[in-house]
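Next up, coords_3.txt (compact mmCIF, C-alpha atoms):
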```txt
# COMPACT_ATOMS: atom_id res chain seq x y z
CA MET A 37 -3.28 145.21 28.19
CA PRO A 38 -6.56 147.17 28.32
CA THR A 39 -6.25 150.93 28.20
CA SER A 40 -9.54 151.77 29.87
CA GLY A 41 -12.18 150.47 32.25
CA ARG A 42 -15.93 150.72 31.77
CA ARG A 43 -18.74 151.37 34.18
CA PRO A 44 -22.49 151.77 33.57
CA THR A 45 -23.86 155.31 33.65
CA SER A 46 -27.57 154.67 33.09
CA PRO A 47 -30.21 151.99 33.76
CA GLY A 48 -30.28 151.30 30.03
CA GLY A 49 -26.78 149.90 30.21
CA SER A 50 -24.91 152.66 28.40
CA ALA A 51 -21.32 153.10 29.50
CA ARG A 52 -18.52 155.53 29.07
CA THR A 53 -14.83 154.88 28.90
CA VAL A 54 -12.77 155.78 31.96
CA PRO A 55 -9.19 156.59 30.94
CA VAL A 56 -6.44 154.73 32.75
CA GLU A 57 -4.91 158.05 33.77
CA THR A 58 -8.15 159.02 35.53
CA ARG A 59 -8.22 155.75 37.48
CA ILE A 60 -4.56 156.14 38.45
CA HIS A 61 -5.17 159.69 39.64
CA PHE A 62 -8.19 158.49 41.62
CA GLN A 63 -6.12 155.79 43.31
CA GLU A 64 -3.37 158.27 44.15
CA GLU A 65 -5.83 160.69 45.74
CA LEU A 66 -7.51 157.91 47.70
CA SER A 67 -4.15 156.65 48.97
CA ALA A 68 -3.21 160.17 50.05
CA LEU A 69 -6.50 160.51 51.94
CA GLU A 70 -5.85 157.20 53.69
CA LEU A 71 -2.45 158.44 54.84
CA GLN A 72 -4.06 161.62 56.16
CA ALA A 73 -6.68 159.58 58.01
CA LEU A 74 -4.06 157.32 59.58
CA GLY A 75 -2.11 160.42 60.57
CA GLY A 76 -5.13 161.43 62.62
CA LEU A 77 -4.53 158.35 64.78
CA ASP A 78 -0.97 159.58 65.42
CA MET A 79 -2.47 162.85 66.65
CA VAL A 80 -4.77 160.93 68.96
CA ALA A 81 -1.89 158.88 70.39
CA GLU A 82 -0.02 162.11 71.17
CA SER A 83 -3.12 163.59 72.79
CA LEU A 84 -3.59 160.47 74.92
CA GLU A 85 0.03 160.71 76.11
CA ARG A 86 -0.46 164.33 77.16
CA THR A 87 -3.79 163.54 78.77
CA LEU A 88 -2.20 160.80 80.85
CA GLU A 89 0.55 163.15 82.01
CA ALA A 90 -2.04 165.76 82.94
CA VAL A 91 -3.97 163.23 85.04
CA LEU A 92 -0.92 161.72 86.73
CA HIS A 93 0.63 165.09 87.64
CA HIS A 94 -2.57 167.11 88.12
CA ASP A 95 -1.27 169.43 85.41
CA VAL A 96 -4.07 171.89 84.68
CA GLU A 97 -2.01 173.80 82.12
CA LEU A 98 -1.26 170.65 80.11
CA ALA A 99 -4.91 169.64 80.31
CA GLY A 100 -5.81 173.02 78.83
CA TYR A 101 -3.36 172.41 76.00
CA VAL A 102 -5.03 169.06 75.21
CA ILE A 103 -8.41 170.79 75.05
CA ALA A 104 -7.13 173.52 72.73
CA ASP A 105 -5.21 171.07 70.54
CA ASP A 106 -8.37 169.10 69.80
CA ASP A 107 -9.07 171.68 67.10
CA ARG A 108 -6.18 170.14 65.18
CA ILE A 109 -7.76 166.68 65.35
CA ASP A 110 -11.13 168.10 64.34
CA GLY A 111 -9.43 169.88 61.45
CA ARG A 112 -7.90 166.64 60.21
CA TYR A 113 -11.30 164.95 60.39
CA LEU A 114 -12.92 167.71 58.33
CA GLU A 115 -10.03 167.78 55.86
CA VAL A 116 -10.22 164.06 55.11
CA ARG A 117 -14.02 164.01 55.04
CA GLN A 118 -14.15 166.89 52.58
CA GLY A 119 -11.45 165.26 50.48
CA ILE A 120 -13.45 162.04 50.25
CA LEU A 121 -16.66 163.86 49.34
CA SER A 122 -14.83 165.85 46.68
CA LEU A 123 -13.34 162.67 45.25
CA LEU A 124 -16.75 161.01 45.10
CA ALA A 125 -18.22 164.04 43.37
CA ARG A 126 -15.66 163.78 40.58
CA GLN A 127 -15.64 160.03 40.00
CA ALA A 128 -17.75 157.11 41.19
CA PRO A 129 -15.59 154.38 42.75
CA VAL A 130 -15.69 150.68 41.92
CA ALA A 131 -16.83 148.30 44.67
CA THR A 132 -13.40 147.65 46.18
CA ASP A 133 -12.67 151.37 46.36
CA LEU A 134 -16.09 151.97 47.87
CA ARG A 135 -15.26 149.59 50.72
CA LEU A 136 -12.12 151.56 51.51
CA ILE A 137 -13.97 154.88 51.33
CA ALA A 138 -16.69 153.64 53.68
CA ALA A 139 -14.03 152.34 56.09
CA LEU A 140 -12.13 155.64 56.00
CA LEU A 141 -15.27 157.60 56.83
CA ASP A 142 -15.75 155.32 59.83
CA LEU A 143 -12.09 155.59 60.82
CA ILE A 144 -12.05 159.39 60.87
CA ARG A 145 -15.28 159.47 62.87
CA ASN A 146 -13.67 157.20 65.44
CA PHE A 147 -10.45 159.20 65.78
CA GLU A 148 -12.47 162.41 66.10
CA ARG A 149 -14.36 160.79 68.97
CA MET A 150 -11.09 159.71 70.58
CA GLY A 151 -9.96 163.32 70.51
CA ASP A 152 -13.20 164.33 72.21
CA GLN A 153 -12.61 161.70 74.89
CA CYS A 154 -9.18 163.21 75.61
CA VAL A 155 -10.91 166.57 75.98
CA ASN A 156 -13.49 165.09 78.35
CA ILE A 157 -10.75 163.65 80.56
CA SER A 158 -8.75 166.88 80.49
CA LYS A 159 -11.78 168.88 81.61
CA LEU A 160 -11.88 166.72 84.74
CA VAL A 161 -8.28 167.50 85.75
CA PRO A 162 -9.00 170.93 87.31
CA LEU A 163 -11.87 169.46 89.31
CA VAL A 164 -9.65 167.25 91.48
CA GLY A 165 -7.29 170.03 92.63
CA ARG A 166 -3.50 170.05 92.66
CA GLU A 167 -3.08 167.74 95.68
CA PRO A 168 -6.04 165.34 95.65
CA PRO A 169 -6.25 162.32 98.01
CA VAL A 170 -4.86 159.87 95.45
CA HIS A 171 -5.59 156.16 95.84
CA PRO A 172 -2.43 154.40 94.54
CA GLU A 173 -4.22 151.30 93.27
CA ILE A 174 -6.75 153.36 91.34
CA ILE A 175 -4.16 155.63 89.72
CA THR A 176 -2.06 152.58 88.80
CA ARG A 177 -5.01 151.13 86.94
CA ILE A 178 -5.79 154.45 85.27
CA GLU A 179 -2.24 154.54 83.94
CA ARG A 180 -2.43 150.91 82.83
CA MET A 181 -5.69 151.57 81.00
CA MET A 182 -4.31 154.62 79.24
CA ARG A 183 -1.11 152.85 78.19
CA GLN A 184 -3.23 150.03 76.82
CA ALA A 185 -5.45 152.48 74.95
CA ILE A 186 -2.42 154.17 73.39
CA SER A 187 -1.16 150.74 72.31
CA GLN A 188 -4.56 149.98 70.79
CA VAL A 189 -4.57 153.22 68.80
CA GLN A 190 -1.12 152.44 67.43
CA GLN A 191 -2.08 148.85 66.66
CA CYS A 192 -5.35 149.67 64.91
CA LYS A 193 -3.39 152.07 62.69
CA GLN A 194 -0.85 149.38 61.82
CA ALA A 195 -3.57 146.80 61.17
CA PHE A 196 -5.46 149.11 58.82
CA ALA A 197 -2.34 150.23 56.96
CA ARG A 198 -1.15 146.63 56.50
CA ARG A 199 -4.65 145.20 55.90
CA ASP A 200 -3.80 142.74 58.70
CA VAL A 201 -7.02 141.13 59.95
CA GLU A 202 -5.27 139.00 62.57
CA LEU A 203 -3.63 142.07 64.09
CA ALA A 204 -6.98 143.85 64.02
CA GLU A 205 -8.71 140.99 65.83
CA ASP A 206 -6.01 141.08 68.54
CA LEU A 207 -7.37 144.49 69.56
CA VAL A 208 -10.16 142.66 71.39
CA ARG A 209 -7.61 141.08 73.74
CA GLN A 210 -6.25 144.49 74.68
CA ASP A 211 -9.75 145.88 75.03
CA ASP A 212 -10.61 143.11 77.48
CA GLU A 213 -7.72 144.28 79.68
CA ILE A 214 -9.06 147.84 79.63
CA ASP A 215 -12.54 146.61 80.54
CA ARG A 216 -11.13 144.57 83.43
CA CYS A 217 -9.27 147.57 84.85
CA ASN A 218 -12.40 149.67 84.50
CA ARG A 219 -14.36 147.18 86.61
CA GLU A 220 -11.60 147.04 89.20
CA ILE A 221 -11.56 150.84 89.51
CA PHE A 222 -15.29 150.82 90.13
CA ALA A 223 -14.85 148.26 92.93
CA LEU A 224 -11.96 150.21 94.48
CA VAL A 225 -13.95 153.45 94.48
CA LEU A 226 -16.72 151.70 96.42
CA GLU A 227 -14.12 150.83 99.06
CA THR A 228 -12.73 154.36 99.51
CA GLY A 229 -14.57 154.89 102.79
CA ASP A 230 -16.35 157.93 104.18
CA ASP A 231 -13.79 160.63 103.37
CA PRO A 232 -15.78 162.96 101.05
CA ASP A 233 -12.66 164.25 99.27
CA ALA A 234 -11.41 160.73 98.60
CA ARG A 235 -14.82 159.65 97.34
CA GLU A 236 -15.11 162.68 95.08
CA TRP A 237 -11.67 161.99 93.62
CA GLY A 238 -12.60 158.34 93.16
CA MET A 239 -15.81 159.24 91.34
CA THR A 240 -13.81 161.52 89.05
CA MET A 241 -11.42 158.67 88.27
CA MET A 242 -14.41 156.50 87.39
CA LEU A 243 -15.37 159.09 84.80
CA VAL A 244 -11.79 159.13 83.50
CA ALA A 245 -11.78 155.33 83.25
CA ARG A 246 -15.05 155.37 81.35
CA GLN A 247 -13.62 157.73 78.74
CA ILE A 248 -10.51 155.56 78.33
CA GLU A 249 -12.74 152.51 77.91
CA ARG A 250 -14.50 154.28 75.05
CA VAL A 251 -11.17 154.96 73.34
CA GLY A 252 -10.55 151.22 73.39
CA ASP A 253 -13.97 150.58 71.87
CA ASN A 254 -13.22 153.07 69.08
CA ALA A 255 -9.95 151.27 68.33
CA VAL A 256 -11.80 147.95 68.04
CA ASP A 257 -14.27 149.61 65.68
CA ILE A 258 -11.37 150.61 63.42
CA GLY A 259 -10.12 147.03 63.59
CA GLU A 260 -13.51 145.83 62.39
CA GLN A 261 -13.26 148.20 59.44
CA THR A 262 -9.89 146.66 58.59
CA ALA A 263 -11.55 143.26 58.29
CA PHE A 264 -14.31 144.82 56.18
CA VAL A 265 -11.82 146.31 53.71
CA VAL A 266 -10.02 142.97 53.36
CA THR A 267 -12.98 140.57 53.23
CA GLY A 268 -15.89 142.67 52.00
CA GLU A 269 -17.94 141.51 54.98
CA PHE A 270 -18.65 143.54 58.09
CA ARG A 271 -18.74 141.72 61.40
CA GLU A 272 -18.40 142.79 64.99
CA PHE A 273 -15.43 141.16 66.70
CA THR A 274 -17.48 140.91 69.90
CA ASP A 275 -21.19 140.95 70.62
CA ALA A 276 -21.97 142.23 74.11
CA SER A 277 -25.60 141.07 73.92
CA HIS A 278 -24.61 137.51 72.91
CA PRO A 279 -21.03 137.00 74.16
CA ASP A 280 -20.93 133.30 73.27
CA ALA A 281 -22.30 133.69 69.77
CA VAL A 282 -20.34 134.26 66.58
CA PRO A 283 -21.44 137.66 65.22
CA PRO A 284 -22.99 137.42 61.75
CA ALA A 285 -21.16 138.90 58.80
CA ILE A 286 -22.81 141.44 56.54
CA GLY A 287 -21.49 141.13 53.01
CA LEU A 288 -20.86 143.78 50.39
CA SER A 289 -20.24 142.10 47.07
CA ALA A 290 -17.25 143.36 45.16
CA GLY A 291 -16.29 142.43 41.65
CA PRO A 292 -12.81 142.69 40.17
CA ARG A 293 -11.29 146.16 40.17
CA GLY A 294 -12.57 148.22 37.27
CA GLU A 295 -15.97 146.53 37.00
```

In structure tokens, write the structure found in this file.
Amino acid sequence: MPTSGRRPTSPGGSARTVPVETRIHFQEELSALELQALGGLDMVAESLERTLEAVLHHDVELAGYVIADDDRIDGRYLEVRQGILSLLARQAPVATDLRLIAALLDLIRNFERMGDQCVNISKLVPLVGREPPVHPEIITRIERMMRQAISQVQQCKQAFARRDVELAEDLVRQDDEIDRCNREIFALVLETGDDPDAREWGMTMMLVARQIERVGDNAVDIGEQTAFVVTGEFREFTDASHPDAVPPAIGLSAGPRGE
């Protein structure tokens, strides 16, 4: 069994020996960073739950808590990002590790955005008042969208952790449901009539729905990174500009671990 790996350190082809212990320590640190990154998705799921409760019950205090708690999500993003940069500064990864690192950087950017979207929704809660003219069909769809988004966040975490491409691709199905509800909310708002308070509330719910729709898009992005880690090729699961076309894959060659 070999006791070391080799990697080039100069254009002339010189190489230095990388002790097995160093590679093991690198893998352990990278695995720990992945767990921290996936934990950020748990934070987002909790924030989405609180955001939904704030919207459904017009809870301004809870909405304020969601806004303040976003610092915790931002902190996790910065912690993982700094950890990855520090790891790269100490040892250059092989190609397969580089794929995971690139995917983790994308993952943390997406969960940080999800946290921001919870904040954006929460900032809208005080604007509708404590007893707004609620349209039952609209609020039902808002709740359905949010529940679906929470499910997507949980599923994209599972898919990434398990390296399950099929589970990752299934995120598109859930995202289609969110998009459908978003379109239905838009149509219902147009039918709210001439009551200015009802129309204002409806317009606010359109903004809420738009933010939820973006959470779903972020979850699909994480699913795409799962496929990238597994296959070494990046491809979009859907292509809005060419819905009937198969999106092209962009390859990143990867040799055996240690090369």

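Remark: for A:Ile157, the closest of the candidate residues A:Glu205, A:Glu249, A:Glu213, A:Asp233 is A:Glu249 (distances computed over all atoms listed in the file).
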
Residue neighbourhood A:Gly151, 10 Å, all atoms listed in the file, exclusion window fewer than 3 positions, as an MDAnalysis selection string: chainID A and resid 76:77 79:81 83:84 102:103 105:110 146:148 154:156 251

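From atom CA of A:Val164 back to atom CA of A:Ile221, the distance works out to 16.6 Å.
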
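Reported to one decimal place, the separation of atom CA of A:Gly111 from atom CA of A:Arg149 is 12.8 Å.
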
Taking into account only C-alpha atoms, which residue in the set A:Pro169, A:Thr274, A:Ala195, A:Asn218 is nearest to A:Arg250? A:Asn218

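Each of A:Ala255, A:Met239, A:Ile144, A:Ile186 was checked against A:Ala204 using all atoms listed in the file; the smallest atom-to-atom distance is that of A:Ala255.
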
What separation in Å, quoted to one decimal, exists between atom CA of A:Leu224 and atom CA of A:Asp95? 23.8 Å

Give me the residues within 7 Å of A:Ala139 as a list of chain:residue names, counting only C-alpha atoms and dropping any in the same chain fewer than 3 places off. A:Arg135, A:Leu136, A:Asp142, A:Leu143, A:Gln261, A:Val265

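With all atoms listed in the file as the atoms that count, the minimum distance from A:Asp211 to the choices A:Arg117, A:His93, A:Arg183, A:Arg198 is reached by A:Arg183.
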
For A:Pro129, the closest of A:Arg59, A:Arg112, A:His94, A:Arg145 counting all atoms listed in the file is A:Arg59

What's around A:Ala263 at 10 Å? Count only C-alpha atoms, leave out sequence neighbours fewer than 5 positions away in its own chain, and write the answer as a ChimeraX atom specification. /A:139,195-196,199-205,258,268-273
